[in-house]
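**Student:** Here's a structure for you.
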Amino acid sequence: MIGFYHPGHSLLHRAPALLKLGLLSLLIAVTVALQEPWQLGVVLAVAVLLAASARLPFRALWRQVSPVLWVLAIAVPIQLLFADWVMAVMMGGRLLIAVLLAALFTLTTTVGAVLDACEQLLRPLRRWVDTDRIGLLLALTIRSIPVIAAIVGEVMEARKARGTQGSVMSLAVPVIVRSLQSAEALGDALIARGFDD
Amino acid sequence: MSGIRFEDVSHGYGERPVLHEISLDITEQRVGIVGANGSGKSTLARMVNGLVTPDRGRVSVHGRDVAKNGREVRRLVGFVFTNPDNQIVMPTVAEDVAFSLRRRGLAKEEIAGRVAAILERFGLSGHADHAAHRLSGGQKQLLALASVLIAEPAVVVADEPTTLLDARNARLITDLLTGLDQQVLVVTHQLELLAGFDRVIVVEEGRIVADDVPDAAIRHYLGLLA
């Protein structure tokens, strides 16, 4: 979701996030319950058709799905060795379909829409929990990932420049200090933008 | 009652005093604040938005005390920070701008319309769905400014908004700030950017040492540096 959203106007892009989240869960549950490889083939075909209808670039999809191929490259031969080909296909197929469907959700849904969906899901609990605050907490958590990744990158470059690459402390201390400074600055920005409670 | 008023304001961080008995009435539309690092100019600016409340004295904006009516004051005063990265909260450009209206109780369609309009105004329409953290420095500061202005504040305070930008983007941001209908208070080290301002306040060691039209105030400031 962090910068993975691919803008578009397809049906998948326009569908409400909550509906997509429900369908994603349902399809994954169905995939897990299936027993025959041909049934998995049908679900895979549906997922591929959905991807085609969303007009997502192959590269964006590949970036999402390719990491799981390494897992499959190890797990499938193990299944073939210790079980049979049906088990291997079912295991590999389920994983591939689940990742592909999750990628479709990620690439066609903005973080804002996901947060709205979370708030909608939490609405029945409104009497006991502050759903707005939980939404904001989720947004800030997601937002922090690229910020901390950038801090780590900059500190590693600085370490390289100063020739202190081997030391764990020379990475940990500045990353923690800068992360705390960044959190403090973000706190100020939130207050300035009216989120001061 | 319009304008920004400092009445006998003093402030310190721990044992270190930062501002000493400052009294100011700011009613001009374009006001610059200059001073050396650590002079207290950023603290002064932060007080207008209530990010810092004075240890002694009173700061008010349009008659509202920032210490007592913080939330109300922050609706009146938008704040642009030096580093736009610290100001970006949401992952995409449009979402970050919309975030400023999150608690205004507006319909989704109205928020979308306002976001589209302000992104168009700042030339960011093509980046609406792009990751905010991947924008260039100048575009990030434009986004920060758009996120402030969409909330329609009466006053915009900018704390060194051009420090991290190249000359071209610094000029662009300054031109945008000076062209605003709102009252604008800019803290800066880049003196050439203050040419079109109505008033420049020079802060030195927590005191106002000059308060005049830009030429005279800047001359005084340069005299301090000599």
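Ligands are numbered from 1 in the order shown, residues from 1 within each chain, and chains are lettered A, B, ... in the order they appear in the structure tokens.
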Write out as a tab-separated table the residues of chain B that have any atom within 10 Å of an atom of chain A, one row each with the nearest atom pair and its distance in Å to one decimal, counting only C-alpha atoms, sorted by chain and then rising number.

**Tutor:**
```
residue	atom	partner	partner_atom	distance
B:Arg46	CA	A:Ala192	CA	9.3
B:Asn49	CA	A:Ala192	CA	6.8
B:Gly50	CA	A:Ala192	CA	8.0
B:Leu51	CA	A:Asp188	CA	6.8
B:Val52	CA	A:Asp188	CA	9.7
B:Gly70	CA	A:Asp196	CA	8.8
B:Arg71	CA	A:Gly194	CA	6.5
B:Glu72	CA	A:Gly194	CA	8.9
B:Val73	CA	A:Gly194	CA	9.4
B:Arg74	CA	A:Gly194	CA	6.1
B:Arg75	CA	A:Gly194	CA	6.8
B:Val77	CA	A:Ala192	CA	8.3
B:Gly78	CA	A:Ala192	CA	6.9
B:Phe79	CA	A:Ala192	CA	6.1
B:Val80	CA	A:Ala189	CA	8.6
B:Phe81	CA	A:Ala189	CA	7.8
B:Asn83	CA	A:Ala185	CA	9.1
B:Pro84	CA	A:Ala189	CA	9.5
B:Asp85	CA	A:Val147	CA	8.2
B:Asn86	CA	A:Leu186	CA	5.2
B:Gln87	CA	A:Ala189	CA	5.2
B:Ile88	CA	A:Leu186	CA	8.1
B:Val89	CA	A:Arg143	CA	6.3
B:Met90	CA	A:Arg143	CA	6.1
B:Pro91	CA	A:Arg143	CA	5.9
B:Thr92	CA	A:Gly3	CA	7.0
B:Ala94	CA	A:Gly112	CA	9.5
B:Glu95	CA	A:Gly112	CA	6.3
B:Asp96	CA	A:Gly112	CA	9.1
B:Ala98	CA	A:Gly112	CA	9.3
B:Phe99	CA	A:Arg193	CA	8.7
B:Ser100	CA	A:Arg193	CA	6.2
B:Leu101	CA	A:Arg193	CA	9.2
B:Arg102	CA	A:Asp132	CA	9.4
B:Arg103	CA	A:Gly194	CA	8.4
B:Ala128	CA	A:Pro7	CA	9.2
B:Asp129	CA	A:Pro7	CA	6.2
B:His130	CA	A:Gly3	CA	6.8
B:Ala131	CA	A:Gly3	CA	4.6
B:Ala132	CA	A:Gly3	CA	8.1
B:His133	CA	A:Pro146	CA	7.7
B:Arg134	CA	A:Gly3	CA	8.4
B:Ser147	CA	A:Arg193	CA	8.7
B:Val148	CA	A:Arg193	CA	7.5
B:Ala151	CA	A:Arg193	CA	8.7
```

**Student:** Find the spatial neighbours of segment 89-93 of chain A, counting only C-alpha atoms, within a cut-off of 10 Å - ignore same-chain residues fewer than 5 positions away - and output them as an mmCIF file with C-alpha atoms, in the first residue's frame.

**Tutor:**
```
data_model
loop_
_atom_site.group_PDB
_atom_site.id
_atom_site.type_symbol
_atom_site.label_atom_id
_atom_site.label_comp_id
_atom_site.auth_asym_id
_atom_site.auth_seq_id
_atom_site.Cartn_x
_atom_site.Cartn_y
_atom_site.Cartn_z
ATOM 1 C CA THR A 31 -9.023 -21.542 -2.161
ATOM 2 C CA VAL A 32 -7.917 -23.162 1.090
ATOM 3 C CA LEU A 34 -10.582 -26.650 -2.463
ATOM 4 C CA GLN A 35 -9.396 -30.227 -2.949
ATOM 5 C CA GLU A 36 -8.763 -30.626 -6.693
ATOM 6 C CA PRO A 37 -6.049 -28.970 -8.820
ATOM 7 C CA TRP A 38 -8.537 -28.114 -11.613
ATOM 8 C CA GLN A 39 -10.631 -26.166 -9.068
ATOM 9 C CA LEU A 40 -7.547 -24.152 -8.170
ATOM 10 C CA GLY A 41 -7.049 -23.550 -11.899
ATOM 11 C CA VAL A 43 -9.776 -19.602 -9.144
ATOM 12 C CA LEU A 44 -6.384 -18.735 -10.647
ATOM 13 C CA VAL A 68 6.696 -15.739 -3.098
ATOM 14 C CA LEU A 69 8.213 -17.587 -6.038
ATOM 15 C CA VAL A 71 9.357 -19.716 -1.276
ATOM 16 C CA LEU A 72 7.649 -21.928 -3.851
ATOM 17 C CA ALA A 73 10.974 -22.856 -5.434
ATOM 18 C CA ALA A 75 8.595 -25.641 -0.757
ATOM 19 C CA VAL A 76 7.217 -27.318 -3.911
ATOM 20 C CA GLN A 79 6.303 -31.469 -1.111
ATOM 21 C CA LEU A 80 7.106 -33.529 -4.234
ATOM 22 C CA ASP A 84 2.858 -36.291 -4.042
ATOM 23 C CA ALA A 98 -3.525 -15.768 -2.134
ATOM 24 C CA VAL A 99 -0.555 -13.499 -2.931
#
```

**Student:** Identify, on the basis of only C-alpha atoms, every residue whose closest approach to Glu204 of chain B does not exceed 12 Å; exclude the query and any residue fewer than 4 positions from it along the same chain; express the result as a PyMOL selection string.

**Tutor:** chain B and resi 18-20+22+33-42+44+208-211+220-222+224-225

**Student:** Just write the chosen residues, C-alpha atoms, as a short mmCIF file (atom, residue, chain, number, x, y, z; two decimals), in the first residue's frame.

**Tutor:**
```
data_model
loop_
_atom_site.label_atom_id
_atom_site.label_comp_id
_atom_site.auth_asym_id
_atom_site.auth_seq_id
_atom_site.Cartn_x
_atom_site.Cartn_y
_atom_site.Cartn_z
CA VAL B 18 14.69 32.15 24.61
CA LEU B 19 12.35 35.15 24.46
CA HIS B 20 12.39 38.21 26.71
CA ILE B 22 8.24 40.56 23.62
CA ILE B 33 11.04 37.35 10.84
CA VAL B 34 14.83 37.11 10.60
CA GLY B 35 17.54 36.32 13.09
CA ALA B 36 20.53 34.11 13.71
CA ASN B 37 20.22 30.43 14.65
CA GLY B 38 19.00 30.17 18.25
CA SER B 39 17.81 33.78 18.32
CA GLY B 40 14.25 32.74 19.23
CA LYS B 41 12.57 33.52 15.89
CA SER B 42 11.17 30.00 15.40
CA LEU B 44 8.14 33.26 18.22
CA ILE B 208 13.25 42.43 18.97
CA VAL B 209 16.17 44.57 17.84
CA ALA B 210 14.62 45.97 14.66
CA ASP B 211 11.08 46.20 13.37
CA HIS B 220 20.05 46.58 10.66
CA TYR B 221 20.29 42.78 10.63
CA LEU B 222 23.30 42.80 8.30
CA LEU B 224 24.56 42.84 13.46
CA LEU B 225 26.30 40.17 11.40
#
```

**Student:** Taking the DSSP secondary structure from the backbone, can you list the residues of segment 126-199 of chain B that are strand (DSSP E or B), as a PyMOL selection string?

**Tutor:** chain B and resi 131+155-159+183-187+199

**Student:** Neighbouring residues of Glu21 of chain B were defined as those with any atom within 12 Å, considering only C-alpha atoms; residues of the same chain fewer than 3 positions away were excluded. Please report them as a list in words.

**Tutor:**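 Here the answer would be Phe6, Glu7, Asp8, Val9, Ser10, His11, Gly12, Pro17, Val18, Leu24, Leu44, Pro54, Asp55, Arg56, Gly57, Arg58, Val59, Glu205, Gly206, Arg207 and Ile208 of chain B.
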
**Student:** Using only C-alpha atoms, which protein or nucleic acid residues come within 10 Å of Ser66 of chain A? Drop anything in the same chain fewer than 4 positions from it, and give the result as a ChimeraX atom specification.

**Tutor:** /A:59,61-62,70-71,96,99-100

**Student:** Store the residues picked out above, limited to C-alpha atoms, as a compact mmCIF listing (two decimals), in the first residue's frame.

**Tutor:**
```
# COMPACT_ATOMS: atom_id res chain seq x y z
CA ARG A 59 5.88 -5.07 -13.68
CA LEU A 61 2.16 -7.24 -10.35
CA TRP A 62 5.48 -9.04 -10.72
CA TRP A 70 11.41 -18.06 -4.01
CA VAL A 71 9.36 -19.72 -1.28
CA LEU A 96 0.29 -18.11 -5.38
CA VAL A 99 -0.55 -13.50 -2.93
CA LEU A 100 -1.95 -12.56 -6.34
```

**Student:** Measuring between only C-alpha atoms, which one of A:Leu101, A:Val48, A:Leu81, A:Ala149 shows the shortest distance to Leu26 of chain A?

**Tutor:** A:Leu101

**Student:** What does the structure give for the distance between atom CA of Ala167 of chain B and atom CA of Leu185 of chain B, in Å to one decimal?

**Tutor:**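 Going from atom CA of Ala167 of chain B over to atom CA of Leu185 of chain B covers 20.1 Å.
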
**Student:** Ranking B:Arg104, B:Arg5, B:Arg199, B:Arg64 by minimum distance to Arg30 of chain B and counting only C-alpha atoms, which one comes first?

**Tutor:** B:Arg199

**Student:** Excluding Pro174 of chain A and its own-chain neighbours fewer than 3 positions away, which residues fall within 12 Å of it when counting only C-alpha atoms? Please give them as a list in words.

**Tutor:**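 Close residues of Pro174 of chain A: Ile148, Ile151, Val152, Gly153, Glu154, Val155, Met156, Ala158, Arg159, Ser167, Val168, Met169, Ser170, Leu171, Val177, Arg178, Ser179, Leu180, Gln181 and Ser182 of chain A.
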
**Student:** Let me see the file: selected residues, C-alpha atoms, as a CSV table (one decimal), in the first residue's frame.

**Tutor:**
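Output below, filename result-v4.csv:
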```csv
chain,number,residue,atom,x,y,z
A,148,ILE,CA,12.3,4.9,8.9
A,151,ILE,CA,16.5,7.1,7.8
A,152,VAL,CA,18.2,3.7,7.8
A,153,GLY,CA,19.4,4.3,4.2
A,154,GLU,CA,20.9,7.7,5.0
A,155,VAL,CA,22.6,6.5,8.2
A,156,MET,CA,24.1,3.5,6.3
A,158,ALA,CA,26.9,8.1,6.4
A,159,ARG,CA,28.5,5.1,8.0
A,167,SER,CA,29.7,-1.3,14.1
A,168,VAL,CA,26.1,-2.1,15.0
A,169,MET,CA,26.0,0.8,17.4
A,170,SER,CA,26.9,3.3,14.7
A,171,LEU,CA,23.7,2.2,12.9
A,177,VAL,CA,17.8,9.2,17.7
A,178,ARG,CA,16.6,10.3,14.2
A,179,SER,CA,13.4,8.2,14.4
A,180,LEU,CA,12.6,9.9,17.8
A,181,GLN,CA,13.3,13.3,16.3
A,182,SER,CA,11.1,12.5,13.3
```

**Student:** Which distance in Å separates atom CA of Thr163 of chain B and atom CA of Thr178 of chain B, to one decimal?

**Tutor:**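 About the pair atom CA of Thr163 of chain B and atom CA of Thr178 of chain B: they are 16.5 Å apart.
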
**Student:** Taking only C-alpha atoms into account, name the residue in A:Ile176, A:Ala161, A:Leu122, A:Ala52 that is nearest to Ser10 of chain A.

**Tutor:**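 Comparing A:Ile176, A:Ala161, A:Leu122, A:Ala52 against Ser10 of chain A, the winner is A:Ala52.
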
**Student:** What does the structure give for the distance between atom CA of Leu193 of chain B and atom CA of Glu28 of chain B, in Å to one decimal?

**Tutor:**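 According to the coordinates, atom CA of Leu193 of chain B and atom CA of Glu28 of chain B are separated by 16.8 Å.
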
**Student:** Run DSSP on the backbone and tell me which residues of chain B come out as helix (DSSP H, G or I); list them as a count of residues only.

**Tutor:** 88
